[in-house]
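Novice: I'd like to ask you about the structure that follows.
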Amino acid sequence: MPSAKGKEKKVTITLKSVSDSKNGPPDVMELITQGTFKPIKLGNAAGWEISYEDSEATGFAGSTTTVSCIGESLASMTRSGSTESHLVIEKNRRHHCHYGTEYGDMLLGISTSRIINRLSEEGGVLYFKYTIDVNSAFISENEVYFQVSTD
């Protein structure tokens, strides 16, 4: 998503990711890290961009993750660096998305059921819930929570 001119802020990002394959207990990852936060524009729509350096804790050391969100219907997660991926998270839509891993790249189906965007200049909360499939076969249900706190 294109960026608008706006003041980028240094922030503390609390991230919680839950991935449930329905084959045992869900995989939960929690991380507190420093990053940046700034306003963006997509056409006439305003939104927010969160960016942070990945680490061993996320499994993608050497990469940067950028999350952009416009309202409560559209978001994207882009990872660049040692592994690259781009997920489009659009409420009530399925997108084919590129996802890179240390073992190779794959094409995933991403179907989003919910986006909650409570971000403002002061930070706030961003949440999304989506299902991942490969060749239309269920892989996992995922929830991602971001808490952005201005420093």
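In the structure tokens, chains take the letters A, B, ... in the order shown, each chain's residues start at 1, and ligands count up from 1 in the order shown.
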Residues of stretch 89-138 of chain A that approach stretch 11-28 of chain A to 12 Å or less, counting only C-alpha atoms: could you list each one with the shortest pair of atoms and its distance in Å to one decimal, rows by chain and increasing residue number, as JSON lines?
Specialist:
```
{"residue": "A:Glu121", "atom": "CA", "partner": "A:Val11", "partner_atom": "CA", "distance": 11.1}
{"residue": "A:Glu122", "atom": "CA", "partner": "A:Val11", "partner_atom": "CA", "distance": 9.7}
{"residue": "A:Gly123", "atom": "CA", "partner": "A:Val11", "partner_atom": "CA", "distance": 8.1}
{"residue": "A:Gly124", "atom": "CA", "partner": "A:Ile13", "partner_atom": "CA", "distance": 9.8}
{"residue": "A:Val125", "atom": "CA", "partner": "A:Thr14", "partner_atom": "CA", "distance": 9.5}
{"residue": "A:Leu126", "atom": "CA", "partner": "A:Leu15", "partner_atom": "CA", "distance": 9.7}
{"residue": "A:Tyr127", "atom": "CA", "partner": "A:Lys16", "partner_atom": "CA", "distance": 9.6}
{"residue": "A:Phe128", "atom": "CA", "partner": "A:Ser17", "partner_atom": "CA", "distance": 9.8}
{"residue": "A:Lys129", "atom": "CA", "partner": "A:Val18", "partner_atom": "CA", "distance": 9.4}
{"residue": "A:Tyr130", "atom": "CA", "partner": "A:Ser19", "partner_atom": "CA", "distance": 9.7}
{"residue": "A:Thr131", "atom": "CA", "partner": "A:Ser19", "partner_atom": "CA", "distance": 9.2}
{"residue": "A:Ile132", "atom": "CA", "partner": "A:Ser21", "partner_atom": "CA", "distance": 9.4}
{"residue": "A:Asp133", "atom": "CA", "partner": "A:Ser21", "partner_atom": "CA", "distance": 10.5}
{"residue": "A:Ala137", "atom": "CA", "partner": "A:Ser21", "partner_atom": "CA", "distance": 11.4}
{"residue": "A:Phe138", "atom": "CA", "partner": "A:Ser21", "partner_atom": "CA", "distance": 8.0}
```
Novice: Residues of stretch 41-68 of chain A that have any atom at most 12 Å from an atom of stretch 139-146 of chain A: could you tabulate them with the shortest-distance atom pair and the distance in Å to one decimal, using only C-alpha atoms, ordered by chain and increasing number, as JSON lines?
Specialist:
```
{"residue": "A:Glu49", "atom": "CA", "partner": "A:Phe146", "partner_atom": "CA", "distance": 11.5}
{"residue": "A:Ile50", "atom": "CA", "partner": "A:Phe146", "partner_atom": "CA", "distance": 9.0}
{"residue": "A:Ser51", "atom": "CA", "partner": "A:Phe146", "partner_atom": "CA", "distance": 11.1}
{"residue": "A:Tyr52", "atom": "CA", "partner": "A:Phe146", "partner_atom": "CA", "distance": 11.5}
{"residue": "A:Thr66", "atom": "CA", "partner": "A:Phe146", "partner_atom": "CA", "distance": 11.9}
{"residue": "A:Val67", "atom": "CA", "partner": "A:Phe146", "partner_atom": "CA", "distance": 9.7}
{"residue": "A:Ser68", "atom": "CA", "partner": "A:Phe146", "partner_atom": "CA", "distance": 11.7}
```
Novice: How would the residues just picked look written out with N, CA, C and O atoms as a tab-separated table (two decimals), in the first residue's frame?
Specialist:
```tsv
chain	number	residue	atom	x	y	z
A	49	GLU	N	0.56	2.28	8.94
A	49	GLU	CA	1.59	1.29	8.63
A	49	GLU	C	2.44	1.04	9.87
A	49	GLU	O	2.91	1.98	10.50
A	50	ILE	N	2.61	-0.24	10.20
A	50	ILE	CA	3.44	-0.68	11.32
A	50	ILE	C	4.60	-1.46	10.71
A	50	ILE	O	4.39	-2.31	9.85
A	51	SER	N	5.82	-1.20	11.17
A	51	SER	CA	6.97	-1.91	10.63
A	51	SER	C	7.92	-2.29	11.76
A	51	SER	O	8.11	-1.51	12.70
A	52	TYR	N	8.50	-3.50	11.67
A	52	TYR	CA	9.45	-3.96	12.68
A	52	TYR	C	10.41	-4.97	12.09
A	52	TYR	O	10.13	-5.62	11.09
A	66	THR	N	6.23	-5.43	7.45
A	66	THR	CA	5.45	-4.19	7.37
A	66	THR	C	3.99	-4.57	7.25
A	66	THR	O	3.62	-5.35	6.37
A	67	VAL	N	3.16	-4.03	8.13
A	67	VAL	CA	1.72	-4.28	8.13
A	67	VAL	C	1.04	-2.96	7.84
A	67	VAL	O	1.28	-1.96	8.52
A	68	SER	N	0.20	-2.96	6.80
A	68	SER	CA	-0.56	-1.77	6.43
A	68	SER	C	-2.04	-2.08	6.56
A	68	SER	O	-2.46	-3.19	6.24
```
Novice: So that I can check the surroundings of A:Glu56, please list as an mmCIF file with N, CA, C and O atoms, in the first residue's frame every protein, DNA and RNA residue that reaches within 12 Å of it, counting only C-alpha atoms and ignoring chain neighbours fewer than 5 positions away.
Specialist:
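To be explicit, this is the file written out as selection_4.cif:
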```
data_model
loop_
_atom_site.group_PDB
_atom_site.id
_atom_site.type_symbol
_atom_site.label_atom_id
_atom_site.label_comp_id
_atom_site.auth_asym_id
_atom_site.auth_seq_id
_atom_site.Cartn_x
_atom_site.Cartn_y
_atom_site.Cartn_z
ATOM 1 N N MET A 29 2.753 -17.427 19.349
ATOM 2 C CA MET A 29 3.998 -16.684 19.364
ATOM 3 C C MET A 29 3.700 -15.295 19.903
ATOM 4 O O MET A 29 2.747 -14.646 19.455
ATOM 5 N N GLU A 30 4.488 -14.863 20.882
ATOM 6 C CA GLU A 30 4.331 -13.527 21.444
ATOM 7 C C GLU A 30 5.664 -12.808 21.384
ATOM 8 O O GLU A 30 6.710 -13.417 21.611
ATOM 9 N N LEU A 31 5.616 -11.522 21.084
ATOM 10 C CA LEU A 31 6.830 -10.743 20.894
ATOM 11 C C LEU A 31 6.569 -9.302 21.279
ATOM 12 O O LEU A 31 5.519 -8.751 20.954
ATOM 13 N N ALA A 61 14.549 -14.135 11.248
ATOM 14 C CA ALA A 61 15.657 -13.221 11.518
ATOM 15 C C ALA A 61 16.234 -12.722 10.197
ATOM 16 O O ALA A 61 16.337 -13.465 9.224
ATOM 17 N N GLY A 62 16.580 -11.441 10.157
ATOM 18 C CA GLY A 62 17.131 -10.855 8.946
ATOM 19 C C GLY A 62 16.070 -10.309 8.013
ATOM 20 O O GLY A 62 16.380 -9.886 6.902
ATOM 21 N N SER A 63 14.821 -10.297 8.440
ATOM 22 C CA SER A 63 13.726 -9.776 7.621
ATOM 23 C C SER A 63 13.042 -8.620 8.340
ATOM 24 O O SER A 63 13.173 -8.466 9.547
#
```
Novice: Please, what distance in Å, to one decimal, runs between atom CA of A:Tyr103 and atom CA of A:Gly81?
Specialist: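 Spanning atom CA of A:Tyr103 to atom CA of A:Gly81 is a straight-line distance of 14.7 Å.
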Novice: Could you pull out all residues of stretch 3-150 of chain A with a DSSP call of strand (DSSP E or B) and give them as a VMD selection string?
Specialist: chain A and resid 3 9 to 20 27 to 42 45 to 53 63 to 70 74 to 81 85 to 91 94 to 101 104 to 120 123 to 134 137 to 150
Novice: Which residues, written as a VMD selection string, have at least one atom at most 9 Å from A:Met77, with only C-alpha atoms counted and residues fewer than 5 positions away on the same chain left out?
Specialist: chain A and resid 65 to 69 85 to 89
Novice: Find the distance between atom CA of A:Phe60 and atom CA of A:Glu90 and write it in Å to one decimal.
Specialist: 23.8 Å
Novice: To one decimal in Å, tell me the separation between atom CA of A:Cys97 and atom CA of A:Lys41.
Specialist: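 Going from atom CA of A:Cys97 over to atom CA of A:Lys41, I get 22.0 Å.
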Novice: Quick one: residues within 10 Å of A:Glu102, only C-alpha atoms counted, chain neighbours fewer than 4 positions away excluded, as number ranges by chain?
Specialist: A: 59-60, 82-84
Novice: Pick out the closest residue to A:Leu107 from this set: A:Ser80, A:Ser120, A:Asn135, A:Gln147. Count only C-alpha atoms.
Specialist: A:Asn135
Novice: Could you give me, as a list in words, the residues within 8 Å of A:Trp48, counting only C-alpha atoms and dropping anything in the same chain fewer than 6 positions from it?
Specialist: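 Within the cut-off, the hits are Phe37, Lys38, Pro39, Ile40, Ser68, Cys69, Ile70 and Leu119 of chain A.
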